[in-house]
Amino acid sequence: MSNSSHPTTQQLVNQFSQDPDYSDPNADDFEALSRDEVMVRSLEAADLAALVRIDKHVTGRDRTGYYRRKVDEALQQSGIRLSLVAEDDGLVVGFIMARVDYGEFGQTATTAVIDTIGVNPSFHGRHIGAALVSQLLANLASLRVETVRTMVYWDNFGLLRFLQRSGFHPVQRLAFSRPLG
């Protein structure tokens, strides 16, 4: 082997004596900053009333039964805790609920599904949703989940913009439904 293929001592000293460059052109600065500014923790059973309150504030409907089932599923039936809440001064101001699927429709893949997300409208613009998604994605990455997906009504433009800013994009999958009765 020629000497040109091996770095010289001086080249190694120059390479390793410089300050390390931790920058990443694909950095998640916005998301990481959101996690630093917003307290995010695992969902607890006592959070049920807050989830219902936020959802009612957003949708105008009382869906206590739905959230009771979702909280029970998240805390009792799932081995992996993926549901999170965001707090501001001890008050729950947002939440995200997800689950991990290990395949469907004949496909084997580790996919997480975000099925419910909510932020108190009084806290919009304070990076609550970004912090929740960022923490969820960090948790999922540590579990080696390959993909995260969700579904959105086509005319929910605010949520569509939020998901796009969070790195989500449409996929080539068609969903079909048929009313019965």
# chains A, B, ... in the order shown; residues from 1 in each chain; ligands from 1

$ select_by_dssp --residues "range 48-159 of chain A" --states "alpha helix (DSSP H)" --output "number ranges by chain"
A: 48-59, 64-72, 128-142, 157-159

$ write_last_selection --atoms "N, CA and C atoms" --output "compact mmCIF listing (two decimals), in the first residue's frame"
# COMPACT_ATOMS: atom_id res chain seq x y z
N LEU A 48 -57.92 11.77 32.02
CA LEU A 48 -59.13 11.59 31.22
C LEU A 48 -59.98 12.86 31.15
N ALA A 49 -60.27 13.47 32.26
CA ALA A 49 -61.13 14.66 32.27
C ALA A 49 -60.52 15.79 31.44
N ALA A 50 -59.21 15.95 31.49
CA ALA A 50 -58.55 17.00 30.71
C ALA A 50 -58.65 16.72 29.22
N LEU A 51 -58.50 15.46 28.82
CA LEU A 51 -58.61 15.11 27.40
C LEU A 51 -60.02 15.41 26.90
N VAL A 52 -61.01 15.02 27.68
CA VAL A 52 -62.40 15.28 27.30
C VAL A 52 -62.66 16.79 27.21
N ARG A 53 -62.13 17.54 28.16
CA ARG A 53 -62.31 19.01 28.16
C ARG A 53 -61.69 19.63 26.91
N ILE A 54 -60.47 19.24 26.57
CA ILE A 54 -59.82 19.79 25.38
C ILE A 54 -60.57 19.41 24.12
N ASP A 55 -60.94 18.14 24.02
CA ASP A 55 -61.66 17.68 22.84
C ASP A 55 -62.99 18.40 22.69
N LYS A 56 -63.71 18.59 23.79
CA LYS A 56 -64.99 19.30 23.73
C LYS A 56 -64.79 20.75 23.30
N HIS A 57 -63.70 21.35 23.76
CA HIS A 57 -63.37 22.73 23.37
C HIS A 57 -63.10 22.81 21.87
N VAL A 58 -62.46 21.77 21.31
CA VAL A 58 -62.11 21.76 19.89
C VAL A 58 -63.29 21.35 19.02
N THR A 59 -64.01 20.28 19.41
CA THR A 59 -65.05 19.72 18.54
C THR A 59 -66.46 20.19 18.88
N THR A 64 -66.84 11.61 26.02
CA THR A 64 -66.27 10.97 27.20
C THR A 64 -66.10 9.47 27.01
N GLY A 65 -67.11 8.80 26.47
CA GLY A 65 -67.04 7.34 26.27
C GLY A 65 -65.88 6.95 25.38
N TYR A 66 -65.69 7.70 24.30
CA TYR A 66 -64.59 7.43 23.38
C TYR A 66 -63.26 7.55 24.11
N TYR A 67 -63.08 8.65 24.83
CA TYR A 67 -61.81 8.86 25.52
C TYR A 67 -61.60 7.90 26.68
N ARG A 68 -62.67 7.50 27.33
CA ARG A 68 -62.54 6.50 28.40
C ARG A 68 -61.98 5.20 27.80
N ARG A 69 -62.51 4.78 26.63
CA ARG A 69 -62.01 3.57 25.98
C ARG A 69 -60.57 3.75 25.51
N LYS A 70 -60.24 4.92 24.96
CA LYS A 70 -58.88 5.17 24.47
C LYS A 70 -57.86 5.18 25.62
N VAL A 71 -58.21 5.79 26.73
CA VAL A 71 -57.30 5.83 27.88
C VAL A 71 -57.12 4.42 28.44
N ASP A 72 -58.22 3.68 28.54
CA ASP A 72 -58.14 2.30 29.02
C ASP A 72 -57.24 1.47 28.10
N ILE A 128 -47.16 23.45 21.33
CA ILE A 128 -47.62 22.29 22.11
C ILE A 128 -47.68 21.06 21.21
N GLY A 129 -48.33 21.18 20.07
CA GLY A 129 -48.45 20.05 19.14
C GLY A 129 -47.09 19.59 18.65
N ALA A 130 -46.21 20.54 18.33
CA ALA A 130 -44.86 20.18 17.86
C ALA A 130 -44.10 19.41 18.93
N ALA A 131 -44.23 19.82 20.18
CA ALA A 131 -43.54 19.12 21.27
C ALA A 131 -44.08 17.71 21.43
N LEU A 132 -45.40 17.56 21.34
CA LEU A 132 -46.00 16.23 21.47
C LEU A 132 -45.54 15.31 20.34
N VAL A 133 -45.60 15.80 19.10
CA VAL A 133 -45.17 14.98 17.97
C VAL A 133 -43.69 14.66 18.07
N SER A 134 -42.89 15.65 18.42
CA SER A 134 -41.45 15.44 18.54
C SER A 134 -41.13 14.37 19.58
N GLN A 135 -41.75 14.45 20.75
CA GLN A 135 -41.49 13.44 21.78
C GLN A 135 -41.98 12.08 21.35
N LEU A 136 -43.14 12.02 20.72
CA LEU A 136 -43.66 10.75 20.23
C LEU A 136 -42.69 10.14 19.22
N LEU A 137 -42.20 10.94 18.27
CA LEU A 137 -41.27 10.43 17.26
C LEU A 137 -39.97 9.95 17.90
N ALA A 138 -39.49 10.66 18.91
CA ALA A 138 -38.28 10.23 19.61
C ALA A 138 -38.52 8.90 20.30
N ASN A 139 -39.68 8.76 20.95
CA ASN A 139 -40.01 7.49 21.62
C ASN A 139 -40.11 6.35 20.61
N LEU A 140 -40.75 6.62 19.48
CA LEU A 140 -40.93 5.59 18.45
C LEU A 140 -39.59 5.19 17.83
N ALA A 141 -38.73 6.16 17.61
CA ALA A 141 -37.42 5.86 17.04
C ALA A 141 -36.63 4.93 17.96
N SER A 142 -36.76 5.14 19.27
CA SER A 142 -36.04 4.27 20.21
C SER A 142 -36.61 2.85 20.20
N PHE A 157 -57.71 21.76 7.04
CA PHE A 157 -56.50 22.40 6.51
C PHE A 157 -55.50 22.76 7.60
N GLY A 158 -55.97 23.16 8.76
CA GLY A 158 -55.05 23.49 9.85
C GLY A 158 -54.23 22.28 10.28
N LEU A 159 -54.90 21.15 10.46
CA LEU A 159 -54.19 19.93 10.85
C LEU A 159 -53.29 19.44 9.72

$ residues_around --residues "Phe95 in chain A" --least-positions-apart "2" --cutoff "8 Å" --atoms "only C-alpha atoms" --output "list in words"
Leu51, Ser83, Leu84, Val85, Ala86, Val92, Val93, Met97, Thr116, Ile117, Gly118, Val119, Gly129 and Leu132 of chain A

$ write_last_selection --atoms "C-alpha atoms" --output "mmCIF file, in the first residue's frame"
data_model
loop_
_atom_site.group_PDB
_atom_site.id
_atom_site.type_symbol
_atom_site.label_atom_id
_atom_site.label_comp_id
_atom_site.auth_asym_id
_atom_site.auth_seq_id
_atom_site.Cartn_x
_atom_site.Cartn_y
_atom_site.Cartn_z
ATOM 1 C CA LEU A 51 -58.614 15.111 27.398
ATOM 2 C CA SER A 83 -49.835 8.247 24.594
ATOM 3 C CA LEU A 84 -48.535 11.562 25.872
ATOM 4 C CA VAL A 85 -49.839 14.782 27.361
ATOM 5 C CA ALA A 86 -48.383 18.286 27.392
ATOM 6 C CA VAL A 92 -52.940 19.438 30.631
ATOM 7 C CA VAL A 93 -53.083 21.558 27.465
ATOM 8 C CA MET A 97 -52.476 9.050 21.412
ATOM 9 C CA THR A 116 -55.944 11.187 18.300
ATOM 10 C CA ILE A 117 -54.281 14.536 18.857
ATOM 11 C CA GLY A 118 -55.629 17.634 20.543
ATOM 12 C CA VAL A 119 -54.373 20.987 21.747
ATOM 13 C CA GLY A 129 -48.448 20.053 19.139
ATOM 14 C CA LEU A 132 -46.002 16.230 21.465
#

$ closest_residue --among "A:Arg149, A:Ala74, A:Gly125, A:Asp155" --to "Val171 in chain A" --atoms "only C-alpha atoms"
A:Arg149

$ atom_distance --atom1 "CA of Arg41 in chain A" --atom2 "CA of Glu87 in chain A"
8.1 Å
